[in-house]
Amino acid sequence: MRWPKWGLAGLVVLAGVAFWLLLAGPKDVLGVDPGGFGFGLLVLVTWTAVHGISVAPRGELDDAVSPGEWRAWIGFGFTAVVAGYLLAKADVIAGADDLRDLGRIGRNIVLLLITWAVIAQVLRWRWQGKVLEDERDRDIEVRAAGWARIALVFCVIGLAVMFGFTPAERLEWATPITTAHLLVFALVWHGLVEYAVAAVSYWWDRRP
């Protein structure tokens, strides 16, 4: 089965609409939160892409792009969406008085992670019988992990300096819920840098 060009273009357009509704769309349309619709559309696009990946015939792209690079690009895409979603919902998180106010945000992030895991498993089935890791993959993993560790250290130091040197009256926004989400974002930032460095390293290595 080969994807028609218009089908791939349609998925890209639908993914763009979903990201806009999820991250930057209006907060309320006729009393309904469009973010939920955007998330549902994003899941639909993702599952369609998973089906396309699972049934597509092997081609030159499978030979040119290694499993490690596929994992890096997909991981970068999902961590970027999670980071963008947390930033877009920062005002909701900062104004939350109860953990129940954050239920929708947490549920959406969990669903994103589940979708990510399913795509990774589908690709693993597709790569059966293929070498999944070699010396180059391990070298890139070490390099990416090093950059991610540096990024996390700078992020934690930045948070420590901000909390340590900012007057207490200016930290009224730093509720326990907000602080917890800042720490979660630091971990997301760590993963984003790691996947980005790995993906760019693979791409650079493939250049003639």
# chains A, B, ... in the order shown; residues from 1 in each chain; ligands from 1
>>> closest_atom_pairs(of="range 68-93 of chain A", to="range 156-176 of chain A", cutoff="12 Å", atoms="only C-alpha atoms", output="Markdown table")
| residue | atom | partner | partner_atom | distance |
| --- | --- | --- | --- | --- |
| A:Ala90 | CA | A:Trp173 | CA | 11.1 |
| A:Asp91 | CA | A:Trp173 | CA | 10.1 |
| A:Val92 | CA | A:Trp173 | CA | 11.7 |
| A:Ile93 | CA | A:Thr175 | CA | 9.6 |
>>> residues_around(residues="Phe185 in chain A", least_positions_apart="2", cutoff="9 Å", atoms="only C-alpha atoms", output="list in words")
Val82, Ala83, Leu86, Leu87, Ala180, His181, Leu182, Leu183, Leu187, Val188, Trp189 and His190 of chain A
>>> write_last_selection(atoms="C-alpha atoms", output="mmCIF file, in the first residue's frame")
data_model
loop_
_atom_site.group_PDB
_atom_site.id
_atom_site.type_symbol
_atom_site.label_atom_id
_atom_site.label_comp_id
_atom_site.auth_asym_id
_atom_site.auth_seq_id
_atom_site.Cartn_x
_atom_site.Cartn_y
_atom_site.Cartn_z
ATOM 1 C CA VAL A 82 4.310 18.261 25.441
ATOM 2 C CA ALA A 83 6.587 21.258 26.116
ATOM 3 C CA LEU A 86 2.663 22.978 29.100
ATOM 4 C CA LEU A 87 3.717 26.488 28.037
ATOM 5 C CA ALA A 180 5.813 21.019 40.619
ATOM 6 C CA HIS A 181 5.020 21.774 36.991
ATOM 7 C CA LEU A 182 8.226 23.785 36.639
ATOM 8 C CA LEU A 183 10.158 20.708 37.740
ATOM 9 C CA LEU A 187 12.477 17.040 32.780
ATOM 10 C CA VAL A 188 10.612 17.625 29.508
ATOM 11 C CA TRP A 189 13.310 20.131 28.521
ATOM 12 C CA HIS A 190 15.959 17.482 29.258
#
>>> residues_around(residues="Trp203 in chain A", least_positions_apart="2", cutoff="12 Å", atoms="only C-alpha atoms", output="ChimeraX atom specification")
/A:64-66,68-70,72-73,140,196-201,205-208
>>> closest_residue(among="A:Gly95, A:Asn108, A:Glu194, A:Gly40", to="Val142 in chain A", atoms="only C-alpha atoms")
A:Glu194
>>> closest_residue(among="A:Ile177, A:Leu152, A:Val193, A:Leu123", to="Gly77 in chain A", atoms="only C-alpha atoms")
A:Val193
